[in-house]
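To start, the structure itself, in structure tokens.
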Amino acid sequence: MPVDDGWREWVAENRLRGCTRESMMAAMTGAGLVADEASAAISEVDASPLMRAAARLAGRLRKAEAVLRHQQTLATLAPGAREIERREAIARDDLLRDHVAASRPLVLTGLARDWPALERWAPQRLAAAYGDVVVEVQSGRDGDPQYELNKLALRREMPLGDLVARVLAGSGNDLYLTANNQALKRPALAPLLADVGPLPDWVDRAQLPGAALLWIGGAGTRTPLHHDTLMLLHTQVVGRKRWRLASPFETPRLYNDRGVFSPVDLAAIDGARFPRALEVTVLDVVLHPGETLFLPLGWWHQVESLDVSVSLSYTNLAFAGAFDYPAPEAVPMP
Ligand SMILES: O=C(O)CCC(=O)C(=O)O
């Protein structure tokens, strides 16, 4: 096998990650490369001026990752940091201090207790009231291992009544109406927002129509690991969902090479592919009907429906904060 540019890229990346010449030689010869050619390729990459510039940037990145690691170690020293607190309700200042600023998730058991939605959004009732409304869904997810990355290609339209029938019949992960499908932007479904009952004074009711996202799926639907760019509330209206969460401080351990996505499955970490992920502190919580999760900014999450599920996420909190990750700027020319 020749040492091509793909291999040179591999050498550069692994060198920048701190791998030794010996370990790389072992991997390269193990993959069928001639030892002398593999050794020459490593020397060539090491001597490149491109590599010296990259090494300086990699050094800065390692320092930033060390800062995050220390912050995570300190955060997990706090009492109760490995569990998610459950409270009936919370005052605005307490939420701001103990959960928004301190970046700690919270389950609110009373926030949605009196919402008419808890009765009215039972799937059969939704089908009876809105069954003819055409909605967009993600369909055919079983046939695409990258169903979340490819969600735009998996969009289909169907009447809500058909969606409900398939979900109740056990569509598993194949079919899911998600936030991305923007169902509540359909004028015919706008009345559903009237079923969202009283909200705390730290949620901006007027912004709800633009900020509310509906999720409808069967037992077994999954949303793979990702983070959002806004903090949010997620109210479980029907059924239960299991959430697995990891702090934004864990980002360097989550192999986040694409946008907001991680290829790691926190429910069954593949230690051979993702060894650093084995060190991630995972918080695990099951949301029951009527419960609401507060997800602080940038928290990683993956979600699995344990039952037929209807839920609502909304981002209209009265606190500033968006998780920006702007494209890096070019450095000045010499
Ligand atoms: O419920 C799900 O499947 C995913 C929820 C989610 O990712 C969100 O609300 O941001």
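Following the order of the structure tokens, chains are lettered A, B, ..., residues in each are numbered from 1, and ligands are numbered from 1.
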Find the residues near ligand 1. Use a cut-off of 9 Å, count only C-alpha atoms and all ligand atoms, and write them as number ranges by chain. A: 176, 178-179, 213-217, 221-228, 230-236, 241-243, 295, 300-305, 309-314
Output N, CA and C atoms for every residue in the selection just made, as a compact mmCIF listing (two decimals), in the first residue's frame.
```
# COMPACT_ATOMS: atom_id res chain seq x y z
N TYR A 176 -40.32 9.69 13.26
CA TYR A 176 -40.27 10.61 14.41
C TYR A 176 -40.60 12.01 13.91
N THR A 178 -39.96 15.57 14.82
CA THR A 178 -38.99 16.21 15.70
C THR A 178 -39.07 17.73 15.61
N ALA A 179 -38.29 18.36 16.46
CA ALA A 179 -38.23 19.83 16.47
C ALA A 179 -37.98 20.37 15.06
N LEU A 213 -41.36 23.74 20.15
CA LEU A 213 -41.08 22.67 19.18
C LEU A 213 -41.68 21.37 19.67
N LEU A 214 -42.43 20.73 18.77
CA LEU A 214 -43.18 19.52 19.16
C LEU A 214 -42.43 18.27 18.74
N TRP A 215 -42.51 17.23 19.59
CA TRP A 215 -41.89 15.94 19.31
C TRP A 215 -42.96 14.86 19.48
N ILE A 216 -43.18 14.00 18.48
CA ILE A 216 -44.12 12.89 18.60
C ILE A 216 -43.46 11.64 18.03
N GLY A 217 -43.38 10.60 18.84
CA GLY A 217 -42.76 9.37 18.33
C GLY A 217 -43.15 8.18 19.18
N THR A 221 -37.85 5.63 19.85
CA THR A 221 -37.25 6.71 19.05
C THR A 221 -36.03 7.24 19.81
N ARG A 222 -35.03 7.62 19.02
CA ARG A 222 -33.79 8.09 19.64
C ARG A 222 -33.33 9.39 18.97
N THR A 223 -32.78 10.25 19.78
CA THR A 223 -32.06 11.42 19.27
C THR A 223 -30.61 11.26 19.71
N PRO A 224 -29.69 11.14 18.76
CA PRO A 224 -28.29 10.91 19.13
C PRO A 224 -27.66 12.13 19.82
N LEU A 225 -26.46 11.91 20.32
CA LEU A 225 -25.79 12.91 21.16
C LEU A 225 -25.47 14.19 20.39
N HIS A 226 -25.90 15.31 20.95
CA HIS A 226 -25.64 16.61 20.35
C HIS A 226 -25.82 17.67 21.43
N HIS A 227 -25.44 18.90 21.11
CA HIS A 227 -25.82 20.01 22.01
C HIS A 227 -26.60 21.02 21.19
N ASP A 228 -27.43 21.81 21.89
CA ASP A 228 -28.18 22.85 21.20
C ASP A 228 -27.41 24.16 21.30
N LEU A 230 -29.10 27.01 22.21
CA LEU A 230 -29.82 27.83 23.18
C LEU A 230 -30.13 26.95 24.39
N MET A 231 -30.27 27.57 25.56
CA MET A 231 -30.74 26.75 26.67
C MET A 231 -32.24 26.54 26.50
N LEU A 232 -32.74 25.48 27.09
CA LEU A 232 -34.15 25.19 26.82
C LEU A 232 -34.84 24.47 27.97
N LEU A 233 -36.17 24.45 27.84
CA LEU A 233 -37.00 23.60 28.69
C LEU A 233 -37.60 22.53 27.80
N HIS A 234 -37.75 21.34 28.34
CA HIS A 234 -38.38 20.26 27.57
C HIS A 234 -39.42 19.62 28.49
N THR A 235 -40.68 19.79 28.12
CA THR A 235 -41.76 19.23 28.94
C THR A 235 -42.25 17.94 28.33
N GLN A 236 -42.24 16.90 29.15
CA GLN A 236 -42.74 15.60 28.73
C GLN A 236 -44.25 15.60 28.95
N LYS A 241 -39.37 9.63 28.70
CA LYS A 241 -38.14 9.65 27.90
C LYS A 241 -36.93 9.58 28.82
N ARG A 242 -35.93 8.84 28.38
CA ARG A 242 -34.66 8.80 29.13
C ARG A 242 -33.68 9.77 28.48
N TRP A 243 -33.12 10.64 29.30
CA TRP A 243 -32.12 11.61 28.84
C TRP A 243 -30.77 11.24 29.43
N LEU A 295 -32.41 22.50 30.57
CA LEU A 295 -31.12 22.11 30.01
C LEU A 295 -30.26 23.37 29.85
N TRP A 300 -24.53 18.57 26.43
CA TRP A 300 -24.72 17.45 25.51
C TRP A 300 -25.88 16.61 25.98
N HIS A 301 -26.68 16.11 25.03
CA HIS A 301 -27.78 15.24 25.43
C HIS A 301 -28.12 14.25 24.33
N GLN A 302 -28.52 13.07 24.74
CA GLN A 302 -29.12 12.09 23.83
C GLN A 302 -30.37 11.57 24.53
N VAL A 303 -31.37 11.24 23.72
CA VAL A 303 -32.70 11.01 24.29
C VAL A 303 -33.32 9.78 23.66
N GLU A 304 -34.00 9.01 24.49
CA GLU A 304 -34.67 7.80 23.99
C GLU A 304 -36.08 7.74 24.58
N SER A 305 -37.06 7.52 23.73
CA SER A 305 -38.44 7.40 24.25
C SER A 305 -38.64 6.01 24.81
N SER A 309 -44.56 8.76 22.90
CA SER A 309 -44.18 10.01 23.57
C SER A 309 -44.63 11.24 22.80
N VAL A 310 -45.14 12.22 23.55
CA VAL A 310 -45.41 13.55 23.00
C VAL A 310 -44.73 14.53 23.94
N SER A 311 -43.91 15.41 23.41
CA SER A 311 -43.25 16.37 24.29
C SER A 311 -43.04 17.68 23.56
N LEU A 312 -42.68 18.67 24.36
CA LEU A 312 -42.55 20.04 23.84
C LEU A 312 -41.25 20.64 24.36
N SER A 313 -40.41 21.14 23.45
CA SER A 313 -39.26 21.90 23.93
C SER A 313 -39.48 23.36 23.58
N TYR A 314 -38.93 24.25 24.41
CA TYR A 314 -39.12 25.68 24.18
C TYR A 314 -37.94 26.44 24.76
```
Which residues of stretch 107-189 of chain A come within 12 Å of stretch 90-98 of chain A, and for each one, what is the closest pair of atoms and their distance in Å to one decimal, counting only C-alpha atoms, sorted by chain and residue number, as JSON lines?
```
{"residue": "A:Val107", "atom": "CA", "partner": "A:Ile90", "partner_atom": "CA", "distance": 10.1}
{"residue": "A:Leu108", "atom": "CA", "partner": "A:Ile90", "partner_atom": "CA", "distance": 7.8}
{"residue": "A:Thr109", "atom": "CA", "partner": "A:Ile90", "partner_atom": "CA", "distance": 10.2}
{"residue": "A:Gly110", "atom": "CA", "partner": "A:Ile90", "partner_atom": "CA", "distance": 9.5}
{"residue": "A:Leu111", "atom": "CA", "partner": "A:Ile90", "partner_atom": "CA", "distance": 9.0}
```
Best match for closeness to A:Leu317 among A:Glu279, A:Asp201, A:Glu85, A:Asp284, counting only C-alpha atoms: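 Counting only C-alpha atoms, the residue closest to A:Leu317 is A:Asp201.
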DSSP on the backbone: what in stretch 67-176 of chain A comes out alpha helix (DSSP H), as a PyMOL selection string? chain A and resi 67-77+92-95+117-120+123-130+160-168
Near-A:Gln72 list (8 Å; only C-alpha atoms; drop same-chain fewer than 5 positions) as a PyMOL selection string: chain A and resi 247+249-250
Preceding selection exported with N, CA and C atoms as a PDB file, in the first residue's frame:
```pdb
ATOM      1  N   SER A 247     -21.793  17.447  30.518  1.00  0.00           N
ATOM      2  CA  SER A 247     -21.494  18.877  30.603  1.00  0.00           C
ATOM      3  C   SER A 247     -20.723  19.353  29.363  1.00  0.00           C
ATOM      4  N   PHE A 249     -18.208  21.002  29.499  1.00  0.00           N
ATOM      5  CA  PHE A 249     -16.783  20.838  29.835  1.00  0.00           C
ATOM      6  C   PHE A 249     -16.233  19.511  29.312  1.00  0.00           C
ATOM      7  N   GLU A 250     -17.115  18.583  28.999  1.00  0.00           N
ATOM      8  CA  GLU A 250     -16.670  17.273  28.500  1.00  0.00           C
ATOM      9  C   GLU A 250     -16.422  17.280  26.984  1.00  0.00           C
TER      10      GLU A 250
END
```
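Proximity of A:Arg69, A:Arg82, A:Arg120, A:Arg141 to A:Arg253, computed with only C-alpha atoms, is greatest for A:Arg69.
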Going by DSSP on the backbone, which residues of stretch 166-244 of chain A come out as strand (DSSP E)? List them as a ChimeraX atom specification. /A:175-177,212-217,222-227,232-238,241-244
Could you save the residues just selected, with C-alpha atoms, as a PDB file, in the first residue's frame?
```pdb
ATOM      1  CA  LEU A 175     -40.539   7.476  12.277  1.00  0.00           C
ATOM      2  CA  TYR A 176     -40.267  10.606  14.410  1.00  0.00           C
ATOM      3  CA  LEU A 177     -41.804  14.056  14.315  1.00  0.00           C
ATOM      4  CA  ALA A 212     -42.006  25.938  20.881  1.00  0.00           C
ATOM      5  CA  LEU A 213     -41.077  22.674  19.179  1.00  0.00           C
ATOM      6  CA  LEU A 214     -43.181  19.524  19.159  1.00  0.00           C
ATOM      7  CA  TRP A 215     -41.892  15.937  19.311  1.00  0.00           C
ATOM      8  CA  ILE A 216     -44.124  12.887  18.605  1.00  0.00           C
ATOM      9  CA  GLY A 217     -42.757   9.373  18.328  1.00  0.00           C
ATOM     10  CA  ARG A 222     -33.792   8.095  19.637  1.00  0.00           C
ATOM     11  CA  THR A 223     -32.058  11.416  19.266  1.00  0.00           C
ATOM     12  CA  PRO A 224     -28.287  10.910  19.135  1.00  0.00           C
ATOM     13  CA  LEU A 225     -25.795  12.906  21.161  1.00  0.00           C
ATOM     14  CA  HIS A 226     -25.642  16.613  20.347  1.00  0.00           C
ATOM     15  CA  HIS A 227     -25.821  20.008  22.005  1.00  0.00           C
ATOM     16  CA  LEU A 232     -34.155  25.194  26.824  1.00  0.00           C
ATOM     17  CA  LEU A 233     -37.004  23.601  28.693  1.00  0.00           C
ATOM     18  CA  HIS A 234     -38.376  20.263  27.570  1.00  0.00           C
ATOM     19  CA  THR A 235     -41.762  19.232  28.944  1.00  0.00           C
ATOM     20  CA  GLN A 236     -42.740  15.596  28.729  1.00  0.00           C
ATOM     21  CA  VAL A 237     -46.473  15.598  27.999  1.00  0.00           C
ATOM     22  CA  VAL A 238     -47.241  11.924  27.220  1.00  0.00           C
ATOM     23  CA  LYS A 241     -38.136   9.653  27.895  1.00  0.00           C
ATOM     24  CA  ARG A 242     -34.661   8.796  29.131  1.00  0.00           C
ATOM     25  CA  TRP A 243     -32.117  11.611  28.835  1.00  0.00           C
ATOM     26  CA  ARG A 244     -28.384  11.098  29.100  1.00  0.00           C
TER      27      ARG A 244
END
```
So what do you get for atom CA of A:Ala55 versus atom CA of A:Leu16, distance-wise?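 These atoms are spaced 6.1 Å apart.
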Atom CA of A:Glu119 and atom CA of A:Ala169, how far apart in Å?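 Those two atoms sit 20.6 Å apart.
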For a quick check of understanding, using only C-alpha atoms, which of A:Ala322, A:Leu293, A:Ala122, A:Val137 has the smallest distance to A:Arg87?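 The closest residue to A:Arg87 is A:Leu293.
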Neighbouring residues of A:Pro105 were defined as those with any atom within 7 Å, considering only C-alpha atoms; residues of the same chain fewer than 4 positions away were excluded. Please report them as a PyMOL selection string. chain A and resi 84+99+294-296
Please provide as a PyMOL selection string all residues within 8 Å of A:Leu193, with the sequence filter that same-chain residues fewer than 3 positions apart are discarded (counting only C-alpha atoms). chain A and resi 190+196+208-209
Wanna dump the stretch 245-280 of chain A-stretch 142-150 of chain A contacts at 12 Å for me, each residue with its shortest atom pair and the distance in Å to one decimal, counting only C-alpha atoms, ordered by chain and number, as CSV?
```
residue,atom,partner,partner_atom,distance
A:Arg258,CA,A:Leu149,CA,9.4
A:Gly259,CA,A:Leu149,CA,9.8
A:Val260,CA,A:Leu149,CA,10.1
A:Phe261,CA,A:Leu149,CA,8.2
A:Ser262,CA,A:Leu149,CA,10.5
A:Pro263,CA,A:Gln146,CA,9.6
```
Generate the output file for the selected residues, C-alpha atoms, as a tab-separated table (two decimals), in the first residue's frame.
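Once written, part.tsv looks like this:
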```tsv
chain	number	residue	atom	x	y	z
A	258	ARG	CA	-19.06	17.86	13.12
A	259	GLY	CA	-21.15	20.86	14.12
A	260	VAL	CA	-23.18	20.15	17.23
A	261	PHE	CA	-22.90	16.35	16.92
A	262	SER	CA	-20.90	13.68	18.70
A	263	PRO	CA	-20.59	10.09	17.38
```
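Nearest to A:Ala41 of all the residues A:Ala318, A:Ala206, A:Met24, A:Leu68 is A:Met24, counting only C-alpha atoms.
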